[in-house]
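Engineer: Compact mmCIF, C-alpha atoms, file data-v8.txt:
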```txt
# COMPACT_ATOMS: atom_id res chain seq x y z
CA MET A 669 -21.82 -129.39 -177.50
CA SER A 670 -19.26 -126.63 -177.95
CA GLU A 671 -16.00 -126.81 -176.03
CA THR A 672 -15.14 -124.13 -173.50
CA GLN A 673 -12.31 -121.87 -174.64
CA TYR A 674 -10.29 -119.39 -172.59
CA HIS A 675 -9.10 -115.94 -173.60
CA HIS A 676 -6.13 -114.58 -171.66
CA HIS A 677 -6.27 -110.78 -171.36
CA GLY A 678 -2.97 -110.38 -169.58
CA ARG A 679 -2.85 -107.63 -166.98
CA PHE A 680 -6.41 -106.32 -166.81
CA PRO A 681 -7.63 -103.38 -164.69
CA VAL A 682 -10.97 -103.84 -162.90
CA SER A 683 -13.02 -101.59 -160.66
CA GLY A 684 -11.43 -102.95 -157.47
CA GLY A 685 -7.82 -103.10 -158.68
CA VAL A 686 -6.17 -105.35 -161.24
CA LEU A 687 -5.99 -108.98 -162.36
CA PRO A 688 -2.45 -109.96 -163.44
CA ASP A 689 -3.73 -112.54 -165.92
CA ALA A 690 -7.47 -112.14 -166.41
CA ILE A 691 -9.28 -114.97 -168.20
CA THR A 692 -12.68 -115.00 -169.92
CA ALA A 693 -14.24 -118.39 -170.57
CA TYR A 694 -16.50 -118.68 -173.61
CA ARG A 695 -18.06 -121.00 -176.16
CA THR A 696 -18.96 -120.49 -179.81
CA TYR A 697 -21.72 -122.12 -181.85
CA GLY A 698 -22.47 -121.99 -185.56
CA ASP A 699 -20.79 -120.41 -188.58
CA PRO A 700 -18.71 -117.26 -187.88
CA LYS A 701 -19.99 -115.86 -191.19
CA ASN A 702 -23.52 -115.63 -189.77
CA PRO A 703 -24.81 -112.67 -187.72
CA CYS A 704 -23.33 -112.75 -184.21
CA ILE A 705 -25.43 -113.11 -181.07
CA VAL A 706 -23.79 -112.56 -177.68
CA PHE A 707 -25.37 -114.52 -174.80
CA PRO A 708 -23.62 -113.89 -171.43
CA THR A 709 -24.23 -115.84 -168.23
CA CYS A 710 -26.39 -114.81 -165.25
CA TYR A 711 -26.03 -115.19 -161.47
CA GLY A 712 -25.62 -118.88 -160.70
CA GLY A 713 -25.05 -119.53 -164.40
CA ARG A 714 -22.23 -121.35 -166.09
CA LEU A 715 -21.66 -121.84 -169.80
CA ASP A 716 -23.51 -125.16 -169.95
CA SER A 717 -26.58 -123.47 -168.43
CA GLN A 718 -26.99 -121.42 -171.64
CA ASP A 719 -28.06 -124.44 -173.68
CA TYR A 720 -31.78 -123.84 -173.09
CA MET A 721 -31.73 -121.09 -175.72
CA VAL A 722 -28.91 -122.25 -178.00
CA GLY A 723 -29.22 -124.95 -180.65
CA GLU A 724 -30.20 -125.73 -184.22
CA ASP A 725 -33.92 -125.59 -183.50
CA LYS A 726 -33.90 -123.09 -180.62
CA VAL A 727 -34.47 -119.35 -180.58
CA LEU A 728 -30.73 -118.65 -180.82
CA SER A 729 -30.44 -120.92 -183.81
CA THR A 730 -26.95 -122.15 -184.56
CA LYS A 731 -28.07 -122.62 -188.17
CA LYS A 732 -28.86 -118.92 -188.59
CA TYR A 733 -26.52 -117.22 -186.11
CA TYR A 734 -23.00 -117.31 -184.77
CA VAL A 735 -23.68 -117.54 -181.03
CA VAL A 736 -21.00 -116.62 -178.49
CA THR A 737 -21.72 -117.42 -174.84
CA LEU A 738 -19.48 -115.71 -172.30
CA ALA A 739 -18.92 -116.38 -168.61
CA LEU A 740 -18.99 -113.54 -166.12
CA PHE A 741 -15.93 -112.93 -164.01
CA SER A 742 -16.38 -114.80 -160.70
CA ASN A 743 -18.65 -117.52 -162.07
CA GLY A 744 -15.93 -120.12 -161.48
CA GLU A 745 -15.04 -120.46 -165.19
CA SER A 746 -13.71 -117.00 -166.01
CA SER A 747 -11.29 -115.42 -163.52
CA SER A 748 -12.74 -115.87 -160.04
CA PRO A 749 -11.66 -115.92 -156.39
CA SER A 750 -11.70 -119.72 -156.56
CA ASN A 751 -9.35 -120.11 -159.54
CA THR A 752 -7.03 -117.10 -159.32
CA PRO A 753 -3.61 -117.72 -157.75
CA ALA A 754 -2.17 -115.68 -154.88
CA PRO A 755 -1.97 -112.83 -154.18
CA TYR A 756 -5.48 -112.28 -155.63
CA ASN A 757 -7.04 -115.55 -154.51
CA GLY A 758 -10.13 -115.96 -152.35
CA PRO A 759 -11.09 -112.85 -150.35
CA TYR A 760 -8.23 -110.92 -151.97
CA PHE A 761 -9.89 -111.03 -155.39
CA PRO A 762 -10.74 -107.47 -156.50
CA ALA A 763 -14.26 -106.17 -157.04
CA VAL A 764 -15.42 -106.43 -160.65
CA SER A 765 -18.04 -104.32 -162.39
CA TYR A 766 -20.34 -105.02 -165.30
CA GLU A 767 -18.27 -102.57 -167.34
CA ASP A 768 -15.15 -104.66 -166.65
CA ASN A 769 -16.98 -107.74 -167.92
CA ILE A 770 -18.20 -106.06 -171.10
CA ARG A 771 -14.71 -104.76 -171.92
CA ALA A 772 -13.36 -108.28 -171.47
CA GLN A 773 -16.13 -109.80 -173.62
CA TYR A 774 -15.48 -107.23 -176.33
CA ALA A 775 -11.83 -108.31 -176.41
CA VAL A 776 -12.95 -111.90 -176.99
CA LEU A 777 -15.19 -110.85 -179.88
CA GLN A 778 -12.33 -108.86 -181.40
CA LYS A 779 -10.15 -111.96 -181.26
CA LEU A 780 -12.93 -113.92 -182.96
CA GLY A 781 -13.12 -111.33 -185.74
CA VAL A 782 -16.68 -110.19 -184.99
CA LYS A 783 -17.21 -106.86 -186.76
CA THR A 784 -20.76 -106.19 -185.58
CA VAL A 785 -23.04 -107.75 -182.97
CA PHE A 786 -26.49 -108.52 -184.35
CA ALA A 787 -27.92 -108.89 -180.85
CA VAL A 788 -26.98 -109.23 -177.20
CA VAL A 789 -29.44 -111.47 -175.35
CA GLY A 790 -29.41 -111.97 -171.60
CA PHE A 791 -31.43 -113.15 -168.62
CA SER A 792 -31.14 -111.58 -165.14
CA MET A 793 -27.51 -110.45 -164.77
CA GLY A 794 -27.27 -111.32 -168.45
CA GLY A 795 -30.12 -108.89 -169.09
CA GLN A 796 -28.23 -106.19 -167.22
CA GLN A 797 -25.21 -106.87 -169.40
CA ALA A 798 -27.46 -106.54 -172.46
CA TYR A 799 -28.18 -102.96 -171.38
CA TYR A 800 -24.49 -102.23 -170.90
CA TRP A 801 -23.40 -103.29 -174.39
CA PRO A 802 -25.12 -100.52 -176.42
CA VAL A 803 -23.99 -97.94 -173.84
CA ILE A 804 -20.30 -98.91 -173.89
CA TYR A 805 -20.13 -99.84 -177.60
CA PRO A 806 -22.95 -97.86 -179.26
CA ASP A 807 -21.73 -98.41 -182.82
CA TYR A 808 -21.02 -102.11 -182.39
CA VAL A 809 -24.38 -103.47 -181.21
CA GLU A 810 -27.50 -103.42 -183.39
CA ARG A 811 -30.07 -104.71 -180.88
CA TYR A 812 -30.38 -106.12 -177.38
CA VAL A 813 -32.83 -108.27 -175.42
CA ALA A 814 -33.04 -107.80 -171.65
CA ILE A 815 -35.03 -110.63 -169.99
CA CYS A 816 -35.86 -110.12 -166.31
CA GLY A 817 -33.14 -107.51 -165.90
CA SER A 818 -32.69 -103.77 -165.52
CA ALA A 819 -30.36 -100.96 -166.52
CA ARG A 820 -29.78 -100.09 -162.88
CA THR A 821 -29.99 -102.37 -159.83
CA SER A 822 -32.70 -100.76 -157.72
CA PRO A 823 -32.32 -100.02 -154.00
CA HIS A 824 -34.90 -102.72 -153.26
CA ASN A 825 -32.96 -105.24 -155.37
CA GLN A 826 -29.76 -104.31 -153.53
CA CYS A 827 -31.56 -104.78 -150.22
CA PHE A 828 -32.83 -108.23 -151.20
CA LEU A 829 -29.28 -109.30 -152.00
CA GLU A 830 -28.09 -108.23 -148.56
CA GLY A 831 -30.20 -111.07 -147.09
CA PRO A 832 -28.45 -114.11 -148.61
CA LYS A 833 -25.13 -112.26 -148.42
CA ALA A 834 -25.53 -111.71 -144.66
CA ALA A 835 -26.51 -115.34 -144.10
CA LEU A 836 -23.31 -116.49 -145.80
CA VAL A 837 -20.79 -114.08 -144.30
CA ALA A 838 -22.21 -114.48 -140.77
CA SER A 839 -21.99 -118.27 -140.84
CA LYS A 840 -19.57 -119.87 -138.39
CA ASP A 841 -17.67 -121.64 -141.18
CA PHE A 842 -17.14 -118.64 -143.51
CA ASP A 843 -14.17 -117.27 -141.53
CA GLY A 844 -14.12 -113.91 -143.30
CA GLY A 845 -13.59 -115.65 -146.63
CA HIS A 846 -10.42 -117.38 -145.41
CA TYR A 847 -12.05 -120.81 -145.07
CA LYS A 848 -9.90 -123.88 -145.70
CA THR A 849 -12.88 -126.01 -146.72
CA GLN A 850 -16.06 -124.73 -148.33
CA PRO A 851 -18.46 -123.14 -145.79
CA GLU A 852 -21.33 -125.55 -146.31
CA ILE A 853 -23.40 -124.15 -143.44
CA GLY A 854 -23.14 -120.66 -144.90
CA LYS A 855 -23.96 -121.73 -148.45
CA ARG A 856 -26.98 -123.71 -147.30
CA ALA A 857 -28.22 -120.65 -145.41
CA PHE A 858 -27.53 -118.49 -148.48
CA GLY A 859 -29.74 -120.74 -150.60
CA ARG A 860 -32.62 -120.80 -148.14
CA VAL A 861 -32.68 -117.01 -147.78
CA TYR A 862 -32.57 -116.60 -151.56
CA SER A 863 -35.27 -119.19 -152.35
CA ALA A 864 -38.47 -117.23 -151.63
CA TRP A 865 -37.39 -114.36 -153.89
CA ALA A 866 -36.95 -116.39 -157.07
CA TYR A 867 -40.64 -117.14 -157.69
CA GLY A 868 -43.94 -115.29 -157.39
CA GLN A 869 -46.15 -115.83 -154.33
CA THR A 870 -48.87 -117.37 -156.51
CA TRP A 871 -46.40 -120.00 -157.72
CA PHE A 872 -45.94 -121.18 -154.15
CA ARG A 873 -49.68 -120.96 -153.45
CA GLN A 874 -50.26 -123.22 -156.46
CA HIS A 875 -47.65 -125.67 -155.07
CA GLY A 876 -45.17 -124.99 -157.85
CA HIS A 877 -42.38 -125.92 -155.45
CA LEU A 878 -43.51 -129.56 -155.65
CA HIS A 879 -42.60 -129.59 -159.36
CA ASP A 880 -45.40 -131.95 -160.40
CA GLY A 881 -44.51 -134.57 -157.81
CA LYS A 882 -40.72 -134.34 -157.96
CA TYR A 883 -40.64 -133.13 -154.34
CA PRO A 884 -42.99 -134.43 -151.61
CA ASP A 885 -42.90 -131.21 -149.58
CA LEU A 886 -41.42 -127.73 -149.20
CA GLU A 887 -38.49 -128.94 -147.12
CA SER A 888 -37.34 -131.34 -149.84
CA PHE A 889 -37.55 -128.53 -152.40
CA LEU A 890 -35.44 -126.25 -150.21
CA ARG A 891 -32.90 -128.93 -149.38
CA GLU A 892 -32.38 -130.20 -152.94
CA ASP A 893 -33.00 -127.17 -155.16
CA TRP A 894 -31.72 -124.33 -153.01
CA GLU A 895 -29.22 -125.79 -150.59
CA GLY A 896 -28.00 -128.30 -153.15
CA GLY A 897 -27.98 -125.73 -155.93
CA PHE A 898 -25.34 -123.59 -154.25
CA LEU A 899 -23.21 -126.30 -152.66
CA GLY A 900 -21.25 -126.67 -155.90
CA TRP A 901 -20.28 -123.00 -155.84
CA ASP A 902 -17.35 -121.34 -154.12
CA ALA A 903 -18.52 -118.92 -151.42
CA ASN A 904 -16.17 -116.08 -152.40
CA ASP A 905 -17.25 -116.48 -156.03
CA LEU A 906 -20.88 -116.05 -154.96
CA LEU A 907 -20.08 -112.85 -153.07
CA THR A 908 -17.93 -111.22 -155.75
CA LEU A 909 -20.55 -111.97 -158.39
CA LEU A 910 -23.26 -110.61 -156.09
CA HIS A 911 -21.29 -107.37 -155.72
CA THR A 912 -21.20 -106.98 -159.52
CA TRP A 913 -24.99 -107.35 -159.53
CA GLN A 914 -25.55 -104.94 -156.63
CA THR A 915 -23.52 -102.17 -158.23
CA GLY A 916 -25.11 -102.40 -161.68
CA ASP A 917 -25.91 -98.99 -163.21
CA VAL A 918 -25.33 -98.18 -166.88
CA SER A 919 -25.34 -94.45 -166.15
CA ARG A 920 -22.08 -94.84 -164.25
CA VAL A 921 -20.44 -95.53 -167.60
CA ARG A 922 -21.53 -92.17 -168.93
CA ASP A 923 -23.84 -89.28 -167.97
CA GLY A 924 -22.64 -89.09 -164.37
CA GLY A 925 -25.36 -91.25 -162.88
CA ASP A 926 -28.25 -89.65 -164.81
CA LEU A 927 -30.05 -92.84 -165.83
CA ALA A 928 -32.75 -91.16 -167.92
CA GLN A 929 -30.18 -89.26 -169.96
CA CYS A 930 -28.07 -92.38 -170.42
CA LEU A 931 -31.03 -94.42 -171.67
CA ARG A 932 -32.10 -91.64 -174.05
CA GLY A 933 -28.69 -91.95 -175.69
CA ILE A 934 -29.02 -95.65 -176.58
CA LYS A 935 -29.25 -96.08 -180.36
CA ALA A 936 -29.68 -99.86 -180.60
CA LYS A 937 -33.12 -101.43 -180.84
CA GLY A 938 -34.25 -103.03 -177.59
CA LEU A 939 -36.67 -105.72 -176.45
CA ILE A 940 -37.34 -105.47 -172.71
CA MET A 941 -39.06 -108.53 -171.22
CA PRO A 942 -39.74 -108.42 -167.46
CA SER A 943 -41.76 -111.06 -165.65
CA LYS A 944 -45.11 -109.89 -164.27
CA THR A 945 -44.35 -111.53 -160.92
CA ASP A 946 -40.60 -110.88 -160.60
CA LEU A 947 -39.90 -109.81 -157.03
CA TYR A 948 -36.52 -108.14 -157.60
CA PHE A 949 -36.61 -107.00 -161.25
CA PRO A 950 -40.29 -105.94 -161.20
CA PRO A 951 -42.01 -104.81 -164.42
CA GLU A 952 -42.57 -101.33 -162.97
CA ASP A 953 -38.81 -100.72 -163.20
CA SER A 954 -38.86 -101.75 -166.85
CA VAL A 955 -41.80 -99.41 -167.58
CA ASP A 956 -39.78 -96.50 -166.19
CA GLU A 957 -36.70 -97.46 -168.18
CA VAL A 958 -38.55 -97.98 -171.47
CA SER A 959 -40.16 -94.54 -171.08
CA ASN A 960 -36.67 -93.07 -171.48
CA LEU A 961 -35.58 -95.16 -174.44
CA GLN A 962 -36.88 -92.70 -177.05
CA ASN A 963 -39.10 -95.24 -178.83
CA THR A 964 -36.08 -97.44 -179.60
CA ALA A 965 -37.28 -100.26 -177.33
CA ARG A 966 -40.42 -102.32 -176.94
CA LEU A 967 -41.76 -103.57 -173.60
CA VAL A 968 -43.26 -107.07 -173.47
CA VAL A 969 -44.28 -108.35 -170.03
CA ILE A 970 -44.17 -112.12 -169.46
CA ASP A 971 -47.57 -112.99 -167.94
CA THR A 972 -46.51 -115.73 -165.55
CA VAL A 973 -46.60 -116.92 -161.93
CA TRP A 974 -43.01 -118.15 -162.16
CA GLY A 975 -41.50 -114.89 -160.92
CA HIS A 976 -37.91 -114.20 -161.85
CA MET A 977 -37.30 -117.78 -162.92
CA ALA A 978 -39.71 -117.38 -165.86
CA GLY A 979 -36.89 -115.91 -167.91
CA GLY A 980 -34.32 -118.62 -167.30
CA GLY A 981 -35.69 -121.72 -168.97
CA ALA A 982 -37.80 -122.82 -165.99
CA ASN A 983 -40.94 -123.90 -167.87
CA ALA A 984 -42.02 -124.65 -171.41
CA ALA A 985 -44.86 -122.11 -171.68
CA ASP A 986 -42.72 -119.11 -170.73
CA ASP A 987 -39.83 -120.41 -172.84
CA LYS A 988 -42.10 -120.49 -175.90
CA PHE A 989 -43.51 -117.03 -175.24
CA ILE A 990 -40.03 -115.55 -174.87
CA ALA A 991 -38.73 -117.38 -177.93
CA ASP A 992 -41.64 -116.20 -180.07
CA GLU A 993 -41.15 -112.59 -179.02
CA ILE A 994 -37.40 -112.71 -179.64
CA THR A 995 -37.94 -114.28 -183.07
CA LYS A 996 -40.36 -111.49 -184.02
CA PHE A 997 -37.92 -108.89 -182.75
CA PHE A 998 -35.06 -110.35 -184.78
CA GLU A 999 -37.21 -110.20 -187.92
CA GLU A 1000 -38.20 -106.55 -187.49
```
Represent the structure contained in this file as structure tokens.
Structural biologist:
Amino acid sequence: MSETQYHHHGRFPVSGGVLPDAITAYRTYGDPKNPCIVFPTCYGGRLDSQDYMVGEDKVLSTKKYYVVTLALFSNGESSSPSNTPAPYNGPYFPAVSYEDNIRAQYAVLQKLGVKTVFAVVGFSMGGQQAYYWPVIYPDYVERYVAICGSARTSPHNQCFLEGPKAALVASKDFDGGHYKTQPEIGKRAFGRVYSAWAYGQTWFRQHGHLHDGKYPDLESFLREDWEGGFLGWDANDLLTLLHTWQTGDVSRVRDGGDLAQCLRGIKAKGLIMPSKTDLYFPPEDSVDEVSNLQNTARLVVIDTVWGHMAGGGANAADDKFIADEITKFFEE
């Protein structure tokens, strides 16, 4: 297990203002002399949640690669509403973009002496960051793997996110973000609204929510997995991170919002892996994006009933399929 380290950026401008002492939390694995793989966190992810892909005998092999995992701003480890002192604490924390995160992550890699990134690998919000890297630093990144992510957050994806967001901010204990104790009612509602979107409909029809007998019924699954899963999070952290996700669009970095033109300019090799049953990063979006990548990227659809969760270490069969495809891609 690698220890979490913290890089202090000092005064750091972000899309919604400035952080007087921005901090990026990260971990490193393996020999720095080996090719570097960047593996950023996703929504609801912390650094210890990256272990499903990182290890001596895993796809991001610490014997072959120097793996750097990096925490998004507002995940509770890097600078977040919950850990930033006044006057930028809680609801006063500024909005943060993906571009802000990538600039901060690049600064960490510079401190570590990384000259070139062999690959950026990411799931969900991590997959969106994987798209950003070769746009912002085109001569620094050789390849990228976007698992269940997209180069632009679609209007439908944005709309989905408004559901759990509304449930949280409308709760009687949220108090406009000025709560004195964590708004448990709001976070429980947030989890319940989110839950149906994470998996495909067939997964529920096949009783996947029972997890092979772990849960006796749907209510237990919702209470433990989805209410319980968010109770350990700060509510303002959840909302700031959600805003980063909602506003994702690599073409805002360059090309004035012309996504097709932006994608055509990517030089790095790409592996795009959507889930067949993902309800908010559907494979159709990936087909459109790959069509503009000028034959620099390959599309591989994960044939699964697990929906979005297929890409995040949720089951052994999808994990193996993803690992095998990434391994082939790295050897090309």
Engineer: Identify which of the residues A:Thr692, A:Tyr697, A:Ser670, A:Phe791 lies closest to Gly981 in chain A, counting all atoms listed in the file when measuring atom-to-atom distances.
Structural biologist: A:Phe791
Engineer: What's around Leu967 in chain A at 12 Å? Count only C-alpha atoms, leave out sequence neighbours fewer than 5 positions away in its own chain, and write the answer as a list in words.
Structural biologist: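 With the cut-off at 12 Å, the set is Val813, Ala814, Ile815, Cys816, Lys937, Gly938, Leu939, Ile940, Met941, Pro942, Ser943, Lys944, Pro951, Glu952, Asp953, Ser954, Val955, Asp956, Glu957, Val958, Ser959, Asn960, Leu961, Glu993, Ile994 and Phe997 of chain A.
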Engineer: Can you spit out the residues from that selection as a compact mmCIF listing (two decimals), keeping the file's coordinate frame, using C-alpha atoms?
Structural biologist:
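Contents of out-v9.txt, as written:
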```
# COMPACT_ATOMS: atom_id res chain seq x y z
CA VAL A 813 -32.83 -108.27 -175.42
CA ALA A 814 -33.04 -107.80 -171.65
CA ILE A 815 -35.03 -110.63 -169.99
CA CYS A 816 -35.86 -110.12 -166.31
CA LYS A 937 -33.12 -101.43 -180.84
CA GLY A 938 -34.25 -103.03 -177.59
CA LEU A 939 -36.67 -105.72 -176.45
CA ILE A 940 -37.34 -105.47 -172.71
CA MET A 941 -39.06 -108.53 -171.22
CA PRO A 942 -39.74 -108.42 -167.46
CA SER A 943 -41.76 -111.06 -165.65
CA LYS A 944 -45.11 -109.89 -164.27
CA PRO A 951 -42.01 -104.81 -164.42
CA GLU A 952 -42.57 -101.33 -162.97
CA ASP A 953 -38.81 -100.72 -163.20
CA SER A 954 -38.86 -101.75 -166.85
CA VAL A 955 -41.80 -99.41 -167.58
CA ASP A 956 -39.78 -96.50 -166.19
CA GLU A 957 -36.70 -97.46 -168.18
CA VAL A 958 -38.55 -97.98 -171.47
CA SER A 959 -40.16 -94.54 -171.08
CA ASN A 960 -36.67 -93.07 -171.48
CA LEU A 961 -35.58 -95.16 -174.44
CA GLU A 993 -41.15 -112.59 -179.02
CA ILE A 994 -37.40 -112.71 -179.64
CA PHE A 997 -37.92 -108.89 -182.75
```
Engineer: Give me, please, the distance in Å between CA of Tyr808 in chain A and CA of Gly924 in chain A, quoted to one decimal.
Structural biologist: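 Answer for the CA of Tyr808 in chain A to CA of Gly924 in chain A separation: 22.3 Å.
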Engineer: Would you mind listing, for every residue of range 905-930 of chain A within 12 Å of range 851-856 of chain A, the two atoms forming the shortest contact and the distance between them in Å to one decimal, using only C-alpha atoms, sorted by chain and ascending residue number, as a tab-separated table?
Structural biologist:
```
residue	atom	partner	partner_atom	distance
A:Asp905	CA	A:Lys855	CA	11.4
A:Leu906	CA	A:Lys855	CA	9.2
A:Leu907	CA	A:Lys855	CA	10.7
```
Engineer: Would you write out those residues with C-alpha atoms, as a short mmCIF file (atom, residue, chain, number, x, y, z; two decimals), in the coordinates of the input?
Structural biologist:
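Okay, selection.cif is ready:
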```cif
data_model
loop_
_atom_site.label_atom_id
_atom_site.label_comp_id
_atom_site.auth_asym_id
_atom_site.auth_seq_id
_atom_site.Cartn_x
_atom_site.Cartn_y
_atom_site.Cartn_z
CA ASP A 905 -17.25 -116.48 -156.03
CA LEU A 906 -20.88 -116.05 -154.96
CA LEU A 907 -20.08 -112.85 -153.07
#
```
Engineer: For each of A:Arg679, A:Ser729, A:Ala690, A:Val789, take the minimum atom-to-atom distance to Phe707 in chain A, counting all atoms listed in the file, then give the residue where this is smallest.
Structural biologist: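 Nearest candidate to Phe707 in chain A out of A:Arg679, A:Ser729, A:Ala690, A:Val789: A:Val789.
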Engineer: Using 3 Å of padding on each side, determine the axis-aligned box around all atoms of range 674-689 of chain A present in the file and give its centre and edge lengths in Å to one decimal, as JSON.
Structural biologist:
```
{"center_x": -7.7, "center_y": -110.5, "center_z": -165.5, "size_x": 16.6, "size_y": 23.8, "size_z": 22.1}
```
Engineer: Determine, counting all atoms listed in the file, which protein, DNA and RNA residues have an atom within 9 Å of an atom of Val921 in chain A; residues of the same chain fewer than 4 positions away are not included. Present the result as a PyMOL selection string.
Structural biologist: chain A and resi 767+800+803-804+917+925+930
